[in-house]
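Note: the block below is coords.txt and it holds compact mmCIF, C-alpha atoms.
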```
# COMPACT_ATOMS: atom_id res chain seq x y z
CA MET A 1 -8.24 -17.96 -7.16
CA HIS A 2 -9.49 -19.98 -10.12
CA ARG A 3 -13.08 -19.72 -8.88
CA ARG A 4 -13.24 -15.93 -8.89
CA ARG A 5 -15.23 -14.43 -11.76
CA PHE A 6 -12.81 -11.56 -12.42
CA LEU A 7 -9.90 -13.82 -13.41
CA THR A 8 -10.73 -14.16 -17.09
CA ALA A 9 -8.38 -11.50 -18.52
CA SER A 10 -5.25 -12.26 -20.51
CA ALA A 11 -2.19 -12.93 -18.38
CA TYR A 12 -0.08 -10.36 -20.21
CA SER A 13 -2.63 -7.80 -21.34
CA MET A 14 -1.33 -5.12 -18.98
CA ALA A 15 2.33 -6.01 -19.04
CA ALA A 16 2.47 -5.90 -22.81
CA THR A 17 1.49 -2.22 -22.84
CA VAL A 18 4.67 -1.11 -21.11
CA LEU A 19 7.20 -3.93 -21.43
CA PRO A 20 8.97 -4.70 -24.70
CA LEU A 21 7.08 -7.40 -26.56
CA GLY A 22 10.17 -9.57 -26.82
CA TYR A 23 10.61 -9.49 -23.05
CA VAL A 24 6.98 -10.46 -22.47
CA GLU A 25 7.33 -13.37 -24.88
CA GLU A 26 10.56 -14.44 -23.18
CA MET A 27 8.84 -14.53 -19.78
CA ALA A 28 6.05 -16.69 -21.21
CA GLU A 29 8.60 -19.05 -22.72
CA ARG A 30 10.46 -19.36 -19.42
CA THR A 31 7.24 -20.25 -17.59
CA ALA A 32 6.40 -22.84 -20.24
CA ALA A 33 9.88 -24.32 -19.87
CA ALA A 34 9.44 -24.52 -16.10
CA ARG A 35 6.17 -26.42 -16.54
CA GLY A 36 8.06 -28.83 -18.76
CA GLY A 37 10.56 -29.57 -16.02
CA ALA A 38 13.35 -27.10 -16.80
CA ALA A 39 15.26 -25.80 -13.80
CA ILE A 40 14.64 -22.20 -12.71
CA GLY A 41 17.47 -19.68 -12.45
CA ALA A 42 18.00 -16.04 -11.55
CA ALA A 43 16.57 -14.76 -14.85
CA GLU A 44 13.11 -16.13 -14.11
CA ILE A 45 13.12 -14.58 -10.64
CA THR A 46 14.18 -11.22 -12.08
CA ALA A 47 11.36 -11.41 -14.62
CA VAL A 48 8.73 -11.96 -11.93
CA ARG A 49 10.19 -9.16 -9.82
CA ASP A 50 10.01 -6.83 -12.84
CA VAL A 51 6.34 -7.64 -13.44
CA VAL A 52 5.42 -7.21 -9.77
CA ARG A 53 7.22 -3.85 -9.76
CA LEU A 54 5.36 -2.85 -12.93
CA PHE A 55 1.95 -3.65 -11.47
CA ALA A 56 2.85 -1.98 -8.17
CA GLU A 57 3.69 1.22 -10.04
CA MET A 58 0.44 1.05 -12.00
CA ASP A 59 -1.43 0.45 -8.77
CA GLU A 60 -0.06 3.65 -7.24
CA ARG A 61 -0.72 5.73 -10.35
CA LEU A 62 -4.12 4.36 -11.36
CA GLY A 63 -5.64 2.65 -8.33
CA GLY A 64 -6.08 -0.94 -7.18
CA GLN A 65 -8.91 -1.75 -9.58
CA HIS A 66 -6.79 -0.96 -12.62
CA GLY A 67 -5.16 -4.10 -14.06
CA ARG A 68 -6.33 -6.23 -11.16
CA ALA A 69 -7.74 -9.14 -13.17
CA ALA A 70 -4.63 -9.25 -15.33
CA PHE A 71 -2.35 -9.33 -12.31
CA VAL A 72 -4.20 -12.12 -10.52
CA GLN A 73 -4.22 -14.10 -13.75
CA TYR A 74 -0.46 -13.58 -13.90
CA LEU A 75 -0.20 -15.10 -10.41
CA ILE A 76 -2.13 -18.15 -11.58
CA ALA A 77 -0.53 -18.59 -14.99
CA ASP A 78 3.08 -17.74 -14.17
CA VAL A 79 3.96 -17.23 -10.51
CA ALA A 80 2.29 -20.35 -9.11
CA PRO A 81 3.96 -22.71 -11.63
CA LEU A 82 7.35 -21.10 -11.01
CA CYS A 83 7.00 -21.62 -7.26
CA LYS A 84 6.51 -25.34 -7.86
CA ALA A 85 9.28 -25.70 -10.42
CA ARG A 86 12.78 -27.16 -10.01
CA PHE A 87 15.58 -24.74 -9.06
CA HIS A 88 19.32 -24.77 -9.65
CA ASN A 89 19.84 -24.39 -5.89
CA GLU A 90 17.96 -23.79 -2.64
CA ASP A 91 18.83 -20.09 -2.50
CA LEU A 92 17.08 -19.49 -5.82
CA ARG A 93 14.01 -21.31 -4.55
CA ARG A 94 13.91 -19.07 -1.49
CA GLN A 95 14.26 -15.97 -3.66
CA MET A 96 11.36 -17.11 -5.83
CA LEU A 97 9.14 -17.67 -2.80
CA SER A 98 10.06 -14.23 -1.48
CA VAL A 99 9.08 -12.56 -4.75
CA ALA A 100 5.88 -14.63 -4.83
CA SER A 101 5.11 -13.36 -1.32
CA SER A 102 5.47 -9.79 -2.59
CA ALA A 103 3.13 -10.63 -5.47
CA ALA A 104 0.47 -12.06 -3.14
CA HIS A 105 0.90 -9.00 -0.91
CA LEU A 106 0.22 -6.73 -3.89
CA ALA A 107 -2.87 -8.78 -4.79
CA GLY A 108 -4.07 -8.28 -1.23
CA TRP A 109 -3.44 -4.57 -1.47
CA LYS A 110 -5.43 -4.38 -4.71
CA ALA A 111 -8.34 -6.19 -3.03
CA TYR A 112 -8.06 -3.82 -0.07
CA ASP A 113 -8.15 -0.78 -2.33
CA SER A 114 -11.21 -2.25 -4.06
CA GLY A 115 -13.06 -2.60 -0.74
CA GLU A 116 -12.87 -6.42 -0.52
CA GLN A 117 -11.37 -6.70 2.94
CA GLY A 118 -11.93 -10.42 3.54
CA LEU A 119 -10.27 -11.31 0.25
CA ALA A 120 -7.40 -8.93 1.03
CA GLN A 121 -6.85 -10.67 4.35
CA ARG A 122 -6.69 -14.09 2.67
CA TYR A 123 -4.10 -12.82 0.20
CA TYR A 124 -2.08 -11.41 3.10
CA LEU A 125 -2.19 -14.77 4.87
CA GLN A 126 -0.90 -16.46 1.71
CA SER A 127 1.81 -13.81 1.44
CA PHE A 128 2.77 -14.50 5.06
CA ALA A 129 3.02 -18.25 4.45
CA LEU A 130 5.25 -17.72 1.42
CA ALA A 131 7.44 -15.26 3.32
CA VAL A 132 7.89 -17.73 6.18
CA GLU A 133 8.83 -20.53 3.78
CA SER A 134 11.25 -18.26 1.92
CA GLY A 135 13.17 -17.47 5.08
CA GLU A 136 13.73 -13.89 3.87
CA PRO A 137 14.62 -11.92 7.04
CA GLY A 138 11.83 -9.62 8.12
CA GLN A 139 9.44 -10.23 5.22
CA ASP A 140 7.02 -12.28 7.31
CA GLY A 141 7.00 -9.46 9.85
CA PHE A 142 6.26 -6.98 7.07
CA VAL A 143 3.07 -8.87 6.20
CA MET A 144 2.11 -8.88 9.88
CA ARG A 145 2.63 -5.12 9.81
CA THR A 146 0.28 -4.81 6.84
CA MET A 147 -2.39 -6.90 8.57
CA SER A 148 -2.09 -4.69 11.64
CA GLN A 149 -2.66 -1.61 9.50
CA GLN A 150 -5.67 -3.21 7.84
CA GLY A 151 -7.25 -3.94 11.22
CA MET A 152 -6.66 -0.38 12.40
CA LYS A 153 -8.19 1.05 9.25
CA LEU A 154 -11.28 -1.13 9.68
CA HIS A 155 -11.61 -0.14 13.35
CA ARG A 156 -10.96 -3.71 14.45
CA PRO A 157 -8.03 -3.14 16.79
CA GLU A 158 -8.35 -6.37 18.79
CA HIS A 159 -5.05 -7.89 17.62
CA CYS A 160 -3.45 -4.92 15.86
CA LEU A 161 -0.99 -4.14 18.62
CA ASP A 162 0.09 -7.79 18.85
CA LEU A 163 0.55 -7.97 15.08
CA ALA A 164 2.56 -4.72 14.99
CA ALA A 165 4.72 -5.77 17.92
CA GLY A 166 5.20 -9.25 16.44
CA GLY A 167 6.21 -7.82 13.09
CA LEU A 168 8.70 -5.50 14.77
CA ALA A 169 10.19 -8.38 16.74
CA ARG A 170 10.66 -10.48 13.59
CA ALA A 171 12.45 -7.62 11.86
CA HIS A 172 14.57 -6.41 14.76
CA ASP A 173 18.26 -6.33 13.83
CA ARG A 174 17.51 -8.45 10.75
CA VAL A 175 16.66 -5.80 8.15
CA PRO A 176 18.30 -2.57 6.94
CA ALA A 177 17.53 0.49 9.06
CA PRO A 178 15.16 2.19 6.56
CA ALA A 179 13.01 -0.95 6.50
CA GLN A 180 13.20 -1.12 10.30
CA ALA A 181 11.67 2.36 10.43
CA LEU A 182 8.50 1.01 8.76
CA PHE A 183 7.99 -1.45 11.60
CA HIS A 184 8.55 1.18 14.29
CA ILE A 185 6.01 3.58 12.82
CA THR A 186 3.29 0.94 12.50
CA HIS A 187 3.95 -0.07 16.10
CA ALA A 188 3.62 3.62 17.03
CA HIS A 189 0.24 3.76 15.30
CA ALA A 190 -1.02 0.65 17.10
CA LEU A 191 0.15 2.11 20.43
CA ALA A 192 -1.71 5.34 19.67
CA LYS A 193 -4.85 3.37 18.86
CA THR A 194 -4.69 1.82 22.32
CA GLY A 195 -4.14 5.16 24.08
CA GLN A 196 -0.45 4.68 24.90
CA ARG A 197 0.68 8.18 24.02
CA ARG A 198 4.17 8.20 25.54
CA GLN A 199 5.13 4.87 23.99
CA ALA A 200 3.70 5.91 20.61
CA VAL A 201 5.77 9.11 20.54
CA ALA A 202 8.86 7.11 21.52
CA GLU A 203 8.30 4.79 18.56
CA ILE A 204 7.98 7.78 16.22
CA GLU A 205 11.42 8.85 17.38
CA ALA A 206 12.74 5.31 16.87
CA ALA A 207 11.45 5.37 13.29
CA ARG A 208 13.11 8.71 12.61
CA ALA A 209 16.37 7.51 14.12
CA ALA A 210 16.30 4.41 11.93
CA LEU A 211 15.81 6.53 8.81
CA ASP A 212 18.73 8.78 9.78
CA THR A 213 20.96 5.80 10.53
CA GLY A 214 20.14 3.98 7.32
CA ARG A 215 20.55 6.70 4.72
CA GLY A 216 22.11 5.13 1.63
CA GLU A 217 21.40 1.54 2.67
CA GLN A 218 19.90 -0.82 0.13
CA ILE A 219 16.22 -1.48 0.82
CA PRO A 220 14.75 -4.98 0.28
CA PHE A 221 12.31 -5.33 -2.60
CA TRP A 222 9.43 -6.33 -0.32
CA ALA A 223 9.89 -3.20 1.83
CA LEU A 224 9.23 -0.91 -1.16
CA ALA A 225 5.57 -1.93 -1.44
CA TRP A 226 4.47 1.66 -0.78
CA GLY A 227 7.45 3.47 -2.20
CA PRO A 228 10.30 5.20 -0.33
CA PRO A 229 10.22 4.35 3.39
CA GLU A 230 10.75 7.97 4.44
CA ALA A 231 7.49 9.13 2.82
CA THR A 232 5.63 6.17 4.33
CA VAL A 233 6.97 6.98 7.80
CA VAL A 234 5.92 10.63 7.47
CA SER A 235 2.41 9.66 6.31
CA ARG A 236 1.90 7.19 9.14
CA THR A 237 3.34 9.64 11.66
CA ALA A 238 0.44 11.88 10.69
CA LYS A 239 -1.98 9.04 11.50
CA VAL A 240 -0.37 8.59 14.90
CA PHE A 241 -0.87 12.25 15.80
CA GLU A 242 -4.40 12.12 14.41
CA ASP A 243 -5.27 9.27 16.77
CA LEU A 244 -3.61 11.14 19.63
CA GLY A 245 -5.91 14.11 18.94
CA ASP A 246 -3.18 16.46 17.75
CA HIS A 247 -4.87 17.59 14.54
CA LYS A 248 -2.49 20.46 13.90
CA ARG A 249 0.58 18.24 13.80
CA ALA A 250 -1.34 15.56 11.91
CA GLY A 251 -2.22 18.06 9.19
CA GLN A 252 1.37 19.24 8.96
CA TYR A 253 2.68 15.69 8.55
CA TYR A 254 0.02 14.79 5.97
CA ALA A 255 0.99 17.85 3.94
CA HIS A 256 4.67 16.92 4.27
CA ALA A 257 3.92 13.34 3.19
CA SER A 258 2.05 14.47 0.08
CA ALA A 259 5.05 16.59 -0.92
CA SER A 260 7.51 13.75 -0.24
CA ARG A 261 6.44 11.49 -3.10
CA PRO A 262 6.83 11.88 -6.87
CA VAL A 263 3.33 12.99 -7.85
CA GLY A 264 3.15 11.18 -11.17
CA THR A 265 4.11 7.85 -9.63
CA TYR A 266 2.07 7.99 -6.42
CA ALA A 267 -1.11 9.80 -7.45
CA ARG A 268 -3.46 7.82 -5.20
CA ILE A 269 -1.52 8.08 -1.94
CA VAL A 270 -0.72 11.76 -2.56
CA ALA A 271 -4.45 12.38 -3.03
CA LEU A 272 -5.36 10.48 0.13
CA ASP A 273 -2.70 12.25 2.20
CA LEU A 274 -4.07 15.58 0.99
CA VAL A 275 -7.61 14.48 1.88
CA ALA A 276 -6.44 13.64 5.39
CA ALA A 277 -4.64 16.99 5.63
CA ALA A 278 -7.87 18.77 4.62
CA GLU A 279 -9.83 16.87 7.27
CA SER A 280 -7.30 17.91 9.92
CA GLN A 281 -7.53 21.53 8.77
CA LEU A 282 -11.32 21.42 8.99
CA LYS A 283 -11.18 20.06 12.54
CA GLN A 284 -9.12 23.13 13.43
CA GLY A 285 -11.78 25.42 11.94
CA GLY A 286 -9.98 26.29 8.69
CA ILE A 287 -12.75 25.82 6.15
CA GLU A 288 -11.14 27.89 3.37
CA GLU A 289 -7.77 26.20 3.86
CA ALA A 290 -9.41 22.78 3.93
CA CYS A 291 -11.31 23.44 0.69
CA THR A 292 -8.09 24.48 -1.01
CA THR A 293 -6.41 21.26 0.10
CA TRP A 294 -9.39 19.15 -0.95
CA ASN A 295 -9.24 20.70 -4.40
CA ARG A 296 -5.56 19.79 -4.62
CA ALA A 297 -6.43 16.23 -3.60
CA MET A 298 -9.02 15.92 -6.33
CA ASP A 299 -6.51 17.21 -8.87
CA HIS A 300 -4.59 13.94 -8.27
CA MET A 301 -7.64 11.66 -8.45
CA ASP A 302 -8.26 11.92 -12.20
CA GLY A 303 -7.93 8.47 -13.75
CA VAL A 304 -7.52 6.69 -10.38
CA ARG A 305 -9.84 3.69 -9.97
CA SER A 306 -9.99 3.18 -6.23
CA VAL A 307 -12.81 2.55 -3.77
CA ARG A 308 -10.81 4.49 -1.20
CA THR A 309 -10.72 7.66 -3.28
CA ARG A 310 -14.48 7.41 -3.88
CA LYS A 311 -15.05 7.00 -0.17
CA ALA A 312 -12.80 9.98 0.53
CA VAL A 313 -14.86 12.15 -1.82
CA ASN A 314 -18.14 11.00 -0.27
CA ARG A 315 -16.73 11.71 3.18
CA MET A 316 -15.74 15.19 2.01
CA ARG A 317 -19.29 15.85 0.83
CA SER A 318 -20.62 14.80 4.23
CA ASP A 319 -18.10 16.97 6.10
CA LEU A 320 -18.96 20.01 3.99
CA ALA A 321 -22.75 19.63 4.07
CA ARG A 322 -23.22 22.07 6.95
CA PHE A 323 -21.05 24.65 5.21
CA ARG A 324 -23.00 24.33 1.96
CA SER A 325 -26.23 24.95 3.86
CA ARG A 326 -24.72 28.18 5.17
CA GLY A 327 -23.84 29.30 1.66
CA VAL A 328 -20.05 28.89 1.94
CA ARG A 329 -18.93 29.26 -1.65
CA CYS A 330 -15.89 26.96 -1.65
CA ALA A 331 -17.99 24.15 -0.15
CA ALA A 332 -20.61 24.56 -2.88
CA GLU A 333 -17.95 24.51 -5.59
CA LEU A 334 -16.40 21.36 -4.17
CA GLU A 335 -19.82 19.71 -4.13
CA GLU A 336 -20.19 20.34 -7.86
CA ARG A 337 -16.75 18.93 -8.51
CA ALA A 338 -17.43 15.88 -6.32
CA VAL A 339 -20.68 15.06 -8.12
CA GLU A 340 -18.90 15.21 -11.48
CA PHE A 341 -16.04 13.06 -10.19
CA LEU A 342 -18.31 10.36 -8.77
CA ALA A 343 -20.39 10.25 -11.94
CA ALA A 344 -17.28 9.68 -14.04
CA ALA A 345 -15.46 7.29 -11.67
```
Produce structure tokens that represent the structure in this file.
Amino acid sequence: MHRRRFLTASAYSMAATVLPLGYVEEMAERTAAARGGAAIGAAEITAVRDVVRLFAEMDERLGGQHGRAAFVQYLIADVAPLCKARFHNEDLRRQMLSVASSAAHLAGWKAYDSGEQGLAQRYYLQSFALAVESGEPGQDGFVMRTMSQQGMKLHRPEHCLDLAAGGLARAHDRVPAPAQALFHITHAHALAKTGQRRQAVAEIEAARAALDTGRGEQIPFWALAWGPPEATVVSRTAKVFEDLGDHKRAGQYYAHASASRPVGTYARIVALDLVAAAESQLKQGGIEEACTTWNRAMDHMDGVRSVRTRKAVNRMRSDLARFRSRGVRCAAELEERAVEFLAAA
């Protein structure tokens, strides 16, 4: 990480904008004390968890490129030294490694959202190693689940089913039911990618059943990487039906997913779900409906710095090219909006 050119920002430049200054200073003092040999307790772990949560929320609102250098510098300056510090007991050490795994996972996600897939994969592998060492039930499987999803997104499905199935096996009966649902739905997606329709639909039902069973259960910190599990399950259910060729149901689930998240907190994923819904509507021949949905998606993209949103807009322009040539008004209006968006992004 030290060799990367983008790691020159201040460790606390982003955190200081939203956390009380006294709290930021206290975290810095605790890290300095740990470097000096002081033993680490629950307060230091809570501080790291708070910062990871903060950057995760910013990531969802503003995109993976926003605050990325500051966050990776925070990993170097604070998280890495804390992982190597002395602890009051072994349980605290394991908790620290678990939180560090979540931090590395978020760094991987930021690299993924910035289009740096090889770097994202290396972060995920580091996150996996930390999760294994922490012994936190199911967290190692969660990283395997993420790596499966990355492979599917990049159309490299060679090991995606094995990763999804392995992640599910590591989590089985070891995590709360809402977290279990996340593993089932990724397994469903991998099954759909390999043409196993009946098994994929069965896993969708298993995910739904887990959500119903686990209402009110406490969800582990690492399982909240993409917000409430229910919205994540709905969004990925849409992807399953999309890969099964059921564009009508895929569009319905994408629309449901976009309405299932607090808009202000999850601007990027709401926008991308709406983009996917528009694409499903277009495949069904609904050009006017699709343009309306695309416009809603772009409403949520303002201020989001994400390679994925830029790609989504460019894909929209390509999909609508034939309609613009025919003089379809909504397609022409979206083209104007897309050009302005890309120029400003």
Give me the residues near Glu242 (chain A) as a PyMOL selection string, where near means some atom within 10 Å (using all atoms listed in the file) and where sequence neighbours in that chain fewer than 2 positions away do not count. chain A and resi 189+192-193+236-240+244-251+253-254+276+280
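Using all atoms listed in the file, the shortest contact distance between Ala129 (chain A) and any of A:Ala107, A:Gly151, A:Ala231, A:Leu97 is found at A:Leu97.
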I'd like the neighbourhood of Ala331 (chain A) as a list in words, where a residue qualifies if any of its atoms comes within 10 Å (using all atoms listed in the file), though same-chain residues fewer than 3 positions away should be ignored. Ile287, Glu288, Ala290, Cys291, Thr292, Trp294, Met316, Arg317, Asp319, Leu320, Ala321, Arg322, Phe323, Arg324, Ser325, Arg326, Gly327, Val328, Leu334, Glu335, Glu336 and Arg337 of chain A
Please put the answer as lines of an AutoDock Vina configuration file: centre and edge lengths, in Å with one decimal, of a box along x, y and z that encloses all listed atoms of region 45-63 of chain A plus 3 Å on each side.
```
center_x = 4.3
center_y = -4.4
center_z = -10.9
size_x = 25.8
size_y = 26.3
size_z = 13.4
```
Selection near Gly216 (chain A), 12 Å with all atoms listed in the file, sequence-local residues under 5 positions removed, as a short mmCIF file (atom, residue, chain, number, x, y, z; two decimals) with C-alpha atoms, in the frame of the given file:
```
data_model
loop_
_atom_site.label_atom_id
_atom_site.label_comp_id
_atom_site.auth_asym_id
_atom_site.auth_seq_id
_atom_site.Cartn_x
_atom_site.Cartn_y
_atom_site.Cartn_z
CA PRO A 176 18.30 -2.57 6.94
CA ALA A 177 17.53 0.49 9.06
CA PRO A 178 15.16 2.19 6.56
CA ALA A 179 13.01 -0.95 6.50
CA ALA A 210 16.30 4.41 11.93
CA LEU A 211 15.81 6.53 8.81
CA PRO A 228 10.30 5.20 -0.33
#
```
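For Met152 (chain A), the set of protein, DNA and RNA residues having any atom at most 8 Å away, when counting all atoms listed in the file and skipping those fewer than 5 positions along the same chain, is Pro157, Cys160, Ala190 and Lys193 of chain A.
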Report, in Å to a single decimal, how far apart CA of Arg310 (chain A) and CA of Ala343 (chain A) are. 10.4 Å
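Between CA of Ser114 (chain A) and CA of Arg308 (chain A) the separation is 7.3 Å.
Minimum atom-to-atom distances from A:Leu125, A:Ala56, A:Leu75, A:Ala80 to Asp140 (chain A) were compared using only C-alpha atoms, and the lowest value belongs to A:Leu125.
Checking A:Ala223, A:Tyr74, A:Gly63, A:Glu90 one by one against Ile40 (chain A), counting all atoms listed in the file, you find the shortest gap at A:Glu90.
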Please compute the CA of Arg215 (chain A)-CA of His187 (chain A) distance, one decimal, in Å. 21.2 Å
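You can rank A:Met58, A:Met96, A:Ile204, A:Ala255 by their closest distance to Arg296 (chain A) using all atoms listed in the file, and at the top of that list sits A:Ala255.
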